[in-house]
Structure formats: structure tokens, C-alpha cells
$ cat upload.tsv   # TSV, C-alpha atoms
chain	number	residue	atom	x	y	z
A	1	SER	CA	10.61	8.51	-34.80
A	2	PRO	CA	8.25	11.52	-34.81
A	3	VAL	CA	7.29	10.59	-31.24
A	4	PHE	CA	10.58	12.02	-29.97
A	5	GLU	CA	9.88	15.39	-31.59
A	6	LYS	CA	7.04	16.00	-29.15
A	7	ASN	CA	8.43	14.87	-25.81
A	8	PHE	CA	11.47	15.06	-23.59
A	9	THR	CA	13.35	11.77	-23.35
A	10	GLY	CA	16.14	10.49	-21.13
A	11	PHE	CA	17.94	7.20	-21.57
A	12	GLU	CA	20.96	5.28	-20.35
A	13	LEU	CA	22.18	1.87	-21.46
A	14	TYR	CA	24.63	0.25	-19.07
A	15	ASP	CA	26.61	-3.00	-19.16
A	16	PRO	CA	26.73	-4.27	-15.55
A	17	ASP	CA	29.37	-6.92	-16.29
A	18	GLN	CA	31.82	-4.46	-17.81
A	19	GLN	CA	30.54	-1.68	-15.52
A	20	LYS	CA	30.42	0.61	-18.51
A	21	VAL	CA	27.88	3.07	-19.90
A	22	ILE	CA	27.28	2.14	-23.53
A	23	TYR	CA	25.04	5.06	-24.44
A	24	ALA	CA	23.43	7.98	-22.63
A	25	HIS	CA	21.00	10.68	-23.72
A	26	ASN	CA	19.85	13.28	-21.18
A	27	ALA	CA	20.79	10.75	-18.51
A	28	GLY	CA	21.48	13.49	-15.98
A	29	LYS	CA	18.19	15.29	-16.50
A	30	TYR	CA	15.23	14.94	-14.16
A	31	PHE	CA	12.03	13.13	-15.08
A	32	ASN	CA	8.85	12.08	-13.32
A	33	PRO	CA	9.57	8.39	-12.74
A	34	ALA	CA	5.96	7.23	-12.22
A	35	SER	CA	5.93	3.58	-11.11
A	36	ASN	CA	9.70	3.22	-11.49
A	37	THR	CA	9.58	4.73	-8.00
A	38	LYS	CA	8.61	1.26	-6.78
A	39	LEU	CA	12.15	0.08	-7.51
A	40	PHE	CA	13.43	2.51	-4.87
A	41	THR	CA	10.79	1.25	-2.43
A	42	PHE	CA	11.86	-2.31	-3.22
A	43	TYR	CA	15.49	-1.45	-2.51
A	44	ALA	CA	14.54	0.23	0.76
A	45	ALA	CA	12.62	-2.84	1.91
A	46	LEU	CA	15.42	-5.19	0.88
A	47	ASN	CA	17.80	-3.33	3.18
A	48	ILE	CA	15.49	-2.70	6.12
A	49	LEU	CA	12.89	-5.46	6.39
A	50	GLY	CA	13.80	-9.05	7.18
A	51	ASP	CA	12.53	-12.23	5.58
A	52	SER	CA	9.02	-11.79	7.01
A	53	ILE	CA	6.67	-8.86	7.36
A	54	PRO	CA	5.92	-7.54	10.88
A	55	ALA	CA	2.14	-7.48	11.11
A	56	LEU	CA	1.23	-6.37	14.63
A	57	LYS	CA	2.83	-4.97	17.73
A	58	TYR	CA	1.05	-6.11	20.86
A	59	GLU	CA	1.22	-6.41	24.62
A	60	PHE	CA	-0.72	-8.46	27.16
A	61	ARG	CA	-1.92	-6.58	30.23
A	62	GLU	CA	-3.79	-8.76	32.72
A	63	ASP	CA	-6.85	-10.04	30.80
A	64	SER	CA	-6.37	-7.71	27.83
A	65	LEU	CA	-4.48	-7.82	24.54
A	66	ILE	CA	-3.58	-4.33	23.33
A	67	PHE	CA	-2.36	-4.15	19.74
A	68	ARG	CA	-1.58	-1.68	16.97
A	69	GLY	CA	-0.71	-1.86	13.31
A	70	THR	CA	2.64	-1.70	11.59
A	71	GLY	CA	1.41	-0.82	8.11
A	72	ASP	CA	1.34	-4.45	6.93
A	73	PRO	CA	-1.02	-4.50	3.89
A	74	SER	CA	-1.62	-8.26	3.85
A	75	PHE	CA	-4.41	-8.80	6.42
A	76	LEU	CA	-7.39	-10.33	4.52
A	77	ASN	CA	-6.02	-8.87	1.28
A	78	ALA	CA	-7.53	-10.85	-1.62
A	79	ASP	CA	-4.61	-9.96	-3.92
A	80	LEU	CA	-2.12	-11.84	-1.74
A	81	TYR	CA	-1.67	-15.45	-0.70
A	82	PRO	CA	-3.88	-16.24	2.30
A	83	ASN	CA	-2.10	-16.05	5.63
A	84	CYS	CA	-3.85	-16.84	8.90
A	85	ASN	CA	-1.17	-15.94	11.44
A	86	VAL	CA	-2.71	-12.65	12.52
A	87	PHE	CA	-6.32	-13.76	12.10
A	88	ASP	CA	-5.83	-16.89	14.20
A	89	PHE	CA	-3.87	-14.97	16.81
A	90	LEU	CA	-6.66	-12.42	17.30
A	91	LYS	CA	-9.46	-14.96	16.91
A	92	ASN	CA	-8.18	-17.54	19.37
A	93	THR	CA	-6.66	-15.55	22.21
A	94	ASP	CA	-8.53	-15.68	25.50
A	95	ALA	CA	-7.72	-12.04	26.20
A	96	ASN	CA	-10.06	-9.13	25.51
A	97	LEU	CA	-9.06	-7.27	22.34
A	98	TYR	CA	-8.20	-3.57	22.39
A	99	TYR	CA	-6.90	-1.68	19.37
A	100	THR	CA	-4.83	1.45	19.94
A	101	PRO	CA	-3.70	3.60	17.01
A	102	GLN	CA	-0.28	5.10	16.49
A	103	VAL	CA	0.55	8.29	18.37
A	104	LYS	CA	0.62	10.06	14.99
A	105	HIS	CA	-1.72	8.84	12.27
A	106	ALA	CA	-0.57	8.21	8.73
A	107	ASN	CA	-1.98	10.55	6.09
A	108	ARG	CA	-4.50	8.77	3.88
A	109	TYR	CA	-2.82	10.04	0.68
A	110	GLY	CA	0.76	10.79	-0.25
A	111	PRO	CA	1.99	14.29	-1.17
A	112	GLY	CA	1.04	15.25	-4.69
A	113	TRP	CA	-1.68	12.62	-5.13
A	114	ALA	CA	-4.86	13.52	-6.96
A	115	TRP	CA	-7.58	13.72	-4.30
A	116	ASP	CA	-10.41	13.09	-6.77
A	117	ASP	CA	-9.07	9.63	-7.63
A	118	PHE	CA	-10.60	8.42	-4.36
A	119	ASN	CA	-12.94	6.02	-6.19
A	120	ASP	CA	-10.16	4.24	-8.08
A	121	TYR	CA	-8.31	1.22	-6.71
A	122	TYR	CA	-4.88	2.63	-7.66
A	123	ALA	CA	-5.42	5.45	-5.14
A	124	THR	CA	-6.42	3.29	-2.18
A	125	GLU	CA	-6.00	5.04	1.16
A	126	LYS	CA	-3.00	4.35	3.37
A	127	SER	CA	-3.51	3.31	6.98
A	128	GLU	CA	-1.54	1.85	9.86
A	129	PHE	CA	-3.71	-1.27	10.02
A	130	PRO	CA	-5.06	-2.09	6.55
A	131	ILE	CA	-7.84	-4.65	6.30
A	132	TYR	CA	-9.21	-6.26	3.11
A	133	GLY	CA	-6.61	-4.20	1.25
A	134	ASN	CA	-8.68	-1.14	2.26
A	135	VAL	CA	-11.05	-1.86	-0.65
A	136	ALA	CA	-14.53	-3.22	-1.13
A	137	ARG	CA	-15.16	-5.71	-3.97
A	138	PHE	CA	-18.53	-5.69	-5.73
A	139	TYR	CA	-19.68	-8.81	-7.57
A	140	PHE	CA	-22.58	-8.53	-10.01
A	141	ASN	CA	-23.46	-12.22	-10.19
A	142	GLN	CA	-27.22	-12.16	-10.59
A	143	LYS	CA	-29.07	-10.14	-13.20
A	144	GLY	CA	-31.21	-7.40	-11.67
A	145	ALA	CA	-29.94	-8.09	-8.15
A	146	PRO	CA	-27.75	-5.84	-6.01
A	147	PRO	CA	-24.06	-6.72	-6.07
A	148	TYR	CA	-22.57	-9.06	-3.51
A	149	ILE	CA	-19.97	-7.13	-1.55
A	150	ILE	CA	-16.83	-8.14	0.35
A	151	PRO	CA	-16.55	-7.20	3.15
A	152	TYR	CA	-20.24	-7.95	3.68
A	153	TYR	CA	-20.23	-5.31	6.42
A	154	PHE	CA	-20.91	-2.68	3.73
A	155	SER	CA	-24.00	-4.43	2.36
A	156	GLN	CA	-26.24	-1.94	4.17
A	157	SER	CA	-24.36	0.95	2.56
A	158	LEU	CA	-25.43	0.21	-1.03
A	159	VAL	CA	-27.66	2.73	-2.80
A	160	PRO	CA	-29.21	1.81	-6.18
A	161	ASP	CA	-28.97	4.81	-8.47
A	162	SER	CA	-30.14	4.30	-12.05
A	163	ASN	CA	-29.72	8.00	-12.77
A	164	TYR	CA	-26.08	8.05	-11.79
A	165	SER	CA	-23.93	8.91	-14.79
A	166	SER	CA	-20.38	7.64	-14.58
A	167	SER	CA	-17.91	5.38	-16.32
A	168	SER	CA	-17.96	3.33	-13.11
A	169	VAL	CA	-20.84	1.08	-12.04
A	170	VAL	CA	-20.01	1.72	-8.37
A	171	HIS	CA	-19.15	5.11	-6.94
A	172	ARG	CA	-18.42	5.93	-3.31
A	173	ARG	CA	-19.30	9.23	-1.74
A	174	GLU	CA	-16.04	11.01	-1.15
A	175	HIS	CA	-16.11	11.38	2.63
A	176	GLU	CA	-18.24	8.41	3.70
A	177	ASN	CA	-18.68	4.75	2.94
A	178	ILE	CA	-21.92	5.03	0.98
A	179	PHE	CA	-21.74	3.27	-2.39
A	180	HIS	CA	-24.01	4.18	-5.31
A	181	TYR	CA	-24.33	1.56	-8.01
A	182	THR	CA	-25.91	1.00	-11.39
A	183	MET	CA	-26.30	-2.37	-13.06
A	184	PRO	CA	-23.58	-3.10	-15.62
A	185	THR	CA	-24.75	-3.15	-19.22
A	186	ASN	CA	-22.38	-5.92	-20.30
A	187	ASP	CA	-22.04	-9.54	-19.11
A	188	ILE	CA	-22.69	-9.60	-15.37
A	189	ARG	CA	-20.18	-12.42	-14.86
A	190	GLN	CA	-17.26	-10.05	-14.91
A	191	GLU	CA	-14.35	-9.21	-12.68
A	192	PRO	CA	-15.44	-7.49	-9.44
A	193	LYS	CA	-15.54	-3.74	-9.29
A	194	ILE	CA	-12.97	-2.66	-6.70
A	195	VAL	CA	-13.53	0.60	-4.82
A	196	PRO	CA	-11.43	1.94	-1.91
A	197	PHE	CA	-13.28	2.59	1.31
A	198	ARG	CA	-12.70	5.49	3.67
A	199	HIS	CA	-10.57	4.10	6.47
A	200	SER	CA	-10.81	5.05	10.13
A	201	SER	CA	-9.95	3.47	13.45
A	202	GLU	CA	-13.66	3.19	14.23
A	203	LEU	CA	-14.32	1.36	10.97
A	204	LEU	CA	-11.33	-0.91	11.53
A	205	VAL	CA	-12.54	-2.21	14.90
A	206	SER	CA	-16.03	-2.71	13.46
A	207	LEU	CA	-14.65	-4.74	10.54
A	208	LEU	CA	-12.39	-6.71	12.87
A	209	ALA	CA	-15.25	-7.53	15.23
A	210	ASP	CA	-17.48	-8.53	12.32
A	211	THR	CA	-14.80	-10.71	10.73
A	212	LEU	CA	-13.42	-12.29	13.91
A	213	GLY	CA	-16.86	-12.86	15.40
A	214	ARG	CA	-15.85	-11.37	18.73
A	215	PRO	CA	-15.74	-7.89	20.35
A	216	VAL	CA	-12.88	-5.53	19.55
A	217	GLN	CA	-12.71	-2.24	21.40
A	218	LEU	CA	-11.01	0.97	20.35
A	219	ILE	CA	-8.76	2.93	22.68
A	220	SER	CA	-9.08	6.27	20.89
A	221	GLU	CA	-6.05	7.84	22.58
A	222	ALA	CA	-2.85	6.07	21.61
A	223	ILE	CA	-1.31	4.00	24.40
A	224	PRO	CA	2.45	3.46	24.17
A	225	LEU	CA	3.34	-0.22	24.41
A	226	LYS	CA	5.96	-0.70	27.13
A	227	THR	CA	7.41	-4.02	25.98
A	228	PRO	CA	5.80	-4.70	22.61
A	229	GLN	CA	6.00	-8.10	20.96
A	230	ILE	CA	5.69	-8.62	17.21
A	231	ILE	CA	3.74	-11.16	15.19
A	232	TYR	CA	4.72	-11.69	11.55
A	233	SER	CA	2.56	-12.42	8.52
A	234	LEU	CA	3.80	-13.13	4.99
A	235	PRO	CA	7.30	-13.78	3.67
A	236	ALA	CA	8.57	-10.42	2.44
A	237	ASP	CA	9.10	-11.69	-1.11
A	238	SER	CA	5.34	-12.28	-1.41
A	239	LEU	CA	4.77	-8.54	-1.07
A	240	TYR	CA	7.68	-7.64	-3.34
A	241	LYS	CA	6.42	-9.96	-6.07
A	242	ARG	CA	2.91	-8.52	-6.03
A	243	MET	CA	4.16	-4.93	-5.87
A	244	LEU	CA	6.56	-5.29	-8.80
A	245	GLN	CA	4.61	-7.59	-11.11
A	246	ALA	CA	1.24	-5.87	-10.71
A	247	SER	CA	2.66	-2.40	-10.00
A	248	ASP	CA	0.58	-2.38	-6.82
A	249	ASN	CA	0.52	1.16	-5.40
A	250	PHE	CA	-1.12	0.13	-2.14
A	251	ILE	CA	1.58	-2.40	-1.26
A	252	ALA	CA	4.35	-0.02	-2.29
A	253	GLU	CA	3.13	2.70	0.04
A	254	HIS	CA	2.80	0.31	2.96
A	255	LEU	CA	6.25	-1.16	2.41
A	256	LEU	CA	7.68	2.31	2.99
A	257	MET	CA	5.53	2.66	6.10
A	258	LEU	CA	6.82	-0.71	7.34
A	259	CYS	CA	10.39	0.48	6.78
A	260	ALA	CA	9.70	3.65	8.75
A	261	GLY	CA	8.34	1.55	11.59
A	262	VAL	CA	11.57	-0.41	11.75
A	263	VAL	CA	14.02	2.51	11.63
A	264	ALA	CA	12.08	5.02	13.72
A	265	ASP	CA	9.01	3.35	15.29
A	266	THR	CA	6.78	5.65	13.27
A	267	LEU	CA	4.86	5.05	10.05
A	268	GLU	CA	5.85	8.25	8.25
A	269	SER	CA	7.14	7.43	4.78
A	270	ARG	CA	9.33	10.53	4.62
A	271	ILE	CA	11.41	9.20	7.51
A	272	ALA	CA	12.08	5.94	5.68
A	273	ILE	CA	12.99	7.86	2.51
A	274	SER	CA	15.44	10.11	4.37
A	275	TYR	CA	17.01	7.09	6.07
A	276	VAL	CA	17.53	5.19	2.82
A	277	LYS	CA	18.92	8.22	1.03
A	278	GLU	CA	21.41	8.82	3.82
A	279	HIS	CA	22.52	5.24	4.43
A	280	TYR	CA	22.14	3.41	1.11
A	281	LEU	CA	21.86	5.94	-1.70
A	282	ASN	CA	24.35	8.57	-0.64
A	283	ASP	CA	26.67	7.75	-3.56
A	284	LEU	CA	24.23	8.71	-6.32
A	285	GLN	CA	25.53	11.39	-8.64
A	286	ASP	CA	22.17	13.18	-8.78
A	287	GLU	CA	20.16	14.15	-5.71
A	288	LEU	CA	16.84	12.31	-5.58
A	289	ARG	CA	13.53	14.06	-5.18
A	290	TRP	CA	11.78	11.04	-3.75
A	291	ILE	CA	8.36	11.70	-2.23
A	292	ASP	CA	6.24	8.54	-2.00
A	293	GLY	CA	6.45	4.76	-2.30
A	294	SER	CA	4.37	4.09	-5.39
A	295	GLY	CA	5.10	6.87	-7.86
A	296	LEU	CA	1.60	8.36	-7.75
A	297	SER	CA	3.07	11.67	-6.66
A	298	ARG	CA	3.90	14.12	-9.41
A	299	TYR	CA	6.58	15.54	-7.11
A	300	ASN	CA	8.97	12.60	-7.60
A	301	LEU	CA	11.97	13.45	-9.82
A	302	PHE	CA	14.79	11.05	-10.72
A	303	THR	CA	17.40	10.92	-13.45
A	304	PRO	CA	17.91	7.90	-15.74
A	305	ARG	CA	21.44	7.36	-14.42
A	306	SER	CA	20.12	7.27	-10.84
A	307	ILE	CA	17.74	4.47	-11.81
A	308	VAL	CA	20.57	2.58	-13.56
A	309	LYS	CA	22.70	2.90	-10.44
A	310	LEU	CA	19.79	1.64	-8.34
A	311	LEU	CA	19.31	-1.39	-10.60
A	312	GLU	CA	22.98	-2.19	-10.19
A	313	LYS	CA	22.61	-2.03	-6.40
A	314	ILE	CA	19.56	-4.31	-6.51
A	315	ARG	CA	21.47	-6.77	-8.69
A	316	HIS	CA	24.11	-7.09	-5.97
A	317	LEU	CA	21.48	-7.85	-3.32
A	318	VAL	CA	19.12	-10.16	-5.20
A	319	PRO	CA	20.46	-13.22	-7.05
A	320	GLU	CA	19.08	-13.72	-10.56
A	321	GLN	CA	17.05	-16.81	-9.66
A	322	ARG	CA	15.32	-15.07	-6.78

$ encode --input "upload.tsv" --output "C-alpha cells"
Amino acid sequence: SPVFEKNFTGFELYDPDQQKVIYAHNAGKYFNPASNTKLFTFYAALNILGDSIPALKYEFREDSLIFRGTGDPSFLNADLYPNCNVFDFLKNTDANLYYTPQVKHANRYGPGWAWDDFNDYYATEKSEFPIYGNVARFYFNQKGAPPYIIPYYFSQSLVPDSNYSSSSVVHRREHENIFHYTMPTNDIRQEPKIVPFRHSSELLVSLLADTLGRPVQLISEAIPLKTPQIIYSLPADSLYKRMLQASDNFIAEHLLMLCAGVVADTLESRIAISYVKEHYLNDLQDELRWIDGSGLSRYNLFTPRSIVKLLEKIRHLVPEQR
């Protein structure tokens, strides 16, 4: 094929039953793996997370409930099966609600991400307590009318802009949650336009208060929890399924953060990566350059034979039917 005259290709075909390499071409050379990186994130989560996803760490102190996030991406996420554990817990407790962030905040983007993709859903910001998948969904359901937006909290942040020239009908200002929109020229009964919002602890407590219908206060300086308890949300496989079948970057990044929270009580992805490389991938022939959870980073570099070895490891952990 003339295609192969213009690019650099690596390939390995392996028979797992005979444990034999059938054919290899540049299998020991390094390539940017793109979303194949999610397979490494999947393997990390399989080894570190249990059957269910830890959603919140919390502690009761007198008449107060102090809580912080674990990186769980499922809270009010429209792309996942509804789960009310966390919502009901926060909604129905008699205690006053106080949110305290991690001692060290997670970076909103991974290393090597393109900063100017901020308006695209595949580059949704990371955070320690995601809400609504950290995106706003715009529905153009009525001709000539402003879009309906979820979460409705942002309805006052819409700016009609007929002069705005873009391939997108909704565009957020880079550093603030102001959304410019133009009316779509095609059928208005279309899929919603999904735009990431700029996450902050202040925005989180506002969204929580608006959604729960009760006050939520922010403790701006992180308070260590002395004897934290954990509440769980979804079965882990629900996240894995969405991540792998839809190649969901947002879930992939937060799975690594969840893993870091388990092994080191921090949400730094690099710590989870180092742990997995040392404890579960130390027998790979080629050193991994593994940077993020999703594969958005151009810094990731793997070899084909490393990915084959990983697939073999996954096969030993996950039965075919599962």
C-alpha cells in the first residue's frame, strides 16, 4: 500500500494461546499511542480500584459534614448510568455541608495537552470533585430562542453573538464561564452542544448548592480529615465500559486520579503511573514513557510489543465474558 511509504509503522501479531509472536515489524520502536493509552489506565484501575468507585471522603464534626472529592467523575454525569448514592447522602443529611479541597489541587490539564482545545469536550478539565462531567450541555430546541442549558446555573452566562465566526455554535471565553452562541443553521432538533466549563472550588459549591437545594460552604484552606469515611458511587465496570467503548478522555484521566488517591492519598496522576510501572509493569522489555490517562498528551511513547504484553496481562485479569 502506498500509505506505508509516507508514514512510520509498528506492528506485532501475537498468539496468546501459544504465547508466540507470529510477526513483528518495528515492534520495539516508540510511537505516540494516542487513545491506546487508555488500556494502561484500565490496567492500572483493575489492579488498584475495587469493585466500586470511591466517591467522597468525609467526616462528621459536631453539626457539620466536611467532605472532599476523590476524583470520581460520575456525579451527575449524563454519560453514565444515574447513581444517587452521593446526591442522596448530601441532600438528606441533617448536618451542615462544608467542602474542603485537597491540600494540593489537581492541574486542570495533563502535560502536553493543547491549551486551546478548551472549548472541546475531549479536553474537559480535570478536577478533584467533578460535577455534571465538568461540561455544560446546550439544547437548541426552539427556533429563534436561546438554548436550554444544563446545568441551568449557567443560563445567566449566555451571550447571543450573531457576529461570532466559528465552526462551533457555542464558544466559551477561555478563562471564565461566559458562553457566546449563535443559532445553528441546520435542524434545531440536534444533539446538544457540549462545552467544558472552567472548574473551581467556588463554582463547585455554587453548583452543589443550586442542585441540592441547600447551602454548601467552602473551606478555602484544605482541612485534613482525621478519620475519613468513604462513600461509593458506581460499580467500577460502569466507568471502564464508558471509557473504553466511547474512548472517554475525561473518565480516563479521573480513573488515574482515583488510583493515585488509593495508593498515596493524593490525586496526582504521575504518582499512580509510577506506582503501576514499578509494581505491575516492571517486566516490560521497553521502558514506558507514560504521561497521562487518556492519551491526549503528545509526550506518551510506547512500543507495539509493550501494548501486546499489556493486552496479555489484561487477558489474565478479565475473563472473556466480562

$ atom_distance --input "upload.tsv" --atom1 "CA of Lys241 (chain A)" --atom2 "CA of Arg322 (chain A)"
10.3 Å

$ residues_around --input "upload.tsv" --residues "Tyr152 (chain A)" --least-positions-apart "5" --cutoff "10 Å" --atoms "all atoms listed in the file" --output "mmCIF file with C-alpha atoms, in the frame of the given file"
data_model
loop_
_atom_site.group_PDB
_atom_site.id
_atom_site.type_symbol
_atom_site.label_atom_id
_atom_site.label_comp_id
_atom_site.auth_asym_id
_atom_site.auth_seq_id
_atom_site.Cartn_x
_atom_site.Cartn_y
_atom_site.Cartn_z
ATOM 1 C CA ALA A 136 -14.530 -3.220 -1.130
ATOM 2 C CA ARG A 137 -15.160 -5.710 -3.970
ATOM 3 C CA PHE A 138 -18.530 -5.690 -5.730
ATOM 4 C CA SER A 157 -24.360 0.950 2.560
ATOM 5 C CA LEU A 207 -14.650 -4.740 10.540
ATOM 6 C CA ASP A 210 -17.480 -8.530 12.320
ATOM 7 C CA THR A 211 -14.800 -10.710 10.730
#

$ closest_residue --input "upload.tsv" --among "A:Leu256, A:Leu39, A:Leu239, A:Ala55" --to "Tyr81 (chain A)" --atoms "all atoms listed in the file"
A:Leu239

$ residues_near_point --input "upload.tsv" --point "(8.8, -6.6, 4.7)" --cutoff "8 Å" --atoms "all atoms listed in the file" --output "JSON, numbers by chain"
{"A": [45, 46, 48, 49, 50, 51, 52, 53, 54, 235, 236, 237, 239, 255, 258, 259]}

$ closest_residue --input "upload.tsv" --among "A:Lys6, A:Arg61, A:His316, A:Lys38" --to "Gly293 (chain A)" --atoms "all atoms listed in the file"
A:Lys38

$ atom_distance --input "upload.tsv" --atom1 "CA of Tyr240 (chain A)" --atom2 "CA of Thr266 (chain A)"
21.3 Å

$ atom_distance --input "upload.tsv" --atom1 "CA of Thr9 (chain A)" --atom2 "CA of Ser294 (chain A)"
21.5 Å

$ closest_residue --input "upload.tsv" --among "A:Glu312, A:His175, A:Thr124, A:Leu317" --to "Asp17 (chain A)" --atoms "all atoms listed in the file"
A:Glu312

$ closest_residue --input "upload.tsv" --among "A:Val195, A:Ile131, A:Ala145, A:Met257" --to "Leu76 (chain A)" --atoms "all atoms listed in the file"
A:Ile131

$ closest_residue --input "upload.tsv" --among "A:Pro228, A:Pro160, A:Gly261, A:Pro196" --to "Met183 (chain A)" --atoms "only C-alpha atoms"
A:Pro160

$ closest_residue --input "upload.tsv" --among "A:Ala246, A:Tyr232, A:Leu218, A:Gln19" --to "Cys84 (chain A)" --atoms "only C-alpha atoms"
A:Tyr232

$ residues_near_point --input "upload.tsv" --point "(2.8, -2.7, 14.1)" --cutoff "6 Å" --atoms "only C-alpha atoms" --output "mmCIF file with C-alpha atoms, keeping the file's coordinate frame"
data_model
loop_
_atom_site.group_PDB
_atom_site.id
_atom_site.type_symbol
_atom_site.label_atom_id
_atom_site.label_comp_id
_atom_site.auth_asym_id
_atom_site.auth_seq_id
_atom_site.Cartn_x
_atom_site.Cartn_y
_atom_site.Cartn_z
ATOM 1 C CA ALA A 55 2.140 -7.480 11.110
ATOM 2 C CA LEU A 56 1.230 -6.370 14.630
ATOM 3 C CA LYS A 57 2.830 -4.970 17.730
ATOM 4 C CA ARG A 68 -1.580 -1.680 16.970
ATOM 5 C CA GLY A 69 -0.710 -1.860 13.310
ATOM 6 C CA THR A 70 2.640 -1.700 11.590
#

$ residues_around --input "upload.tsv" --residues "Lys29 (chain A)" --least-positions-apart "6" --cutoff "8 Å" --atoms "all atoms listed in the file" --output "list in words"
Gly10, Phe302, Thr303 and Pro304 of chain A

$ build_atoms --input "upload.tsv" --residues "region 41-52 of chain A" --atoms "N, CA, C and O atoms" --output "compact mmCIF listing (two decimals), keeping the file's coordinate frame"
# COMPACT_ATOMS: atom_id res chain seq x y z
N THR A 41 11.47 1.84 -3.58
CA THR A 41 10.79 1.25 -2.43
C THR A 41 11.25 -0.18 -2.21
O THR A 41 11.48 -0.61 -1.06
N PHE A 42 11.37 -0.93 -3.28
CA PHE A 42 11.86 -2.31 -3.22
C PHE A 42 13.25 -2.36 -2.59
O PHE A 42 13.51 -3.16 -1.68
N TYR A 43 14.12 -1.48 -3.04
CA TYR A 43 15.49 -1.45 -2.51
C TYR A 43 15.49 -1.08 -1.02
O TYR A 43 16.25 -1.65 -0.23
N ALA A 44 14.65 -0.14 -0.65
CA ALA A 44 14.54 0.23 0.76
C ALA A 44 14.14 -0.97 1.60
O ALA A 44 14.75 -1.27 2.64
N ALA A 45 13.10 -1.69 1.16
CA ALA A 45 12.62 -2.84 1.91
C ALA A 45 13.65 -3.95 1.98
O ALA A 45 13.80 -4.61 3.02
N LEU A 46 14.37 -4.17 0.89
CA LEU A 46 15.42 -5.19 0.88
C LEU A 46 16.46 -4.94 1.97
O LEU A 46 16.97 -5.88 2.59
N ASN A 47 16.77 -3.68 2.21
CA ASN A 47 17.80 -3.33 3.18
C ASN A 47 17.29 -3.23 4.62
O ASN A 47 18.08 -3.39 5.55
N ILE A 48 16.00 -3.00 4.78
CA ILE A 48 15.49 -2.70 6.12
C ILE A 48 14.64 -3.83 6.70
O ILE A 48 14.77 -4.17 7.89
N LEU A 49 13.78 -4.41 5.89
CA LEU A 49 12.89 -5.46 6.39
C LEU A 49 13.61 -6.81 6.34
O LEU A 49 14.48 -7.03 5.52
N GLY A 50 13.21 -7.71 7.18
CA GLY A 50 13.80 -9.05 7.18
C GLY A 50 13.09 -9.95 6.20
O GLY A 50 12.48 -9.51 5.23
N ASP A 51 13.15 -11.25 6.47
CA ASP A 51 12.53 -12.23 5.58
C ASP A 51 11.01 -12.24 5.67
O ASP A 51 10.34 -12.71 4.76
N SER A 52 10.47 -11.78 6.80
CA SER A 52 9.02 -11.79 7.01
C SER A 52 8.53 -10.41 7.39
O SER A 52 9.28 -9.58 7.92
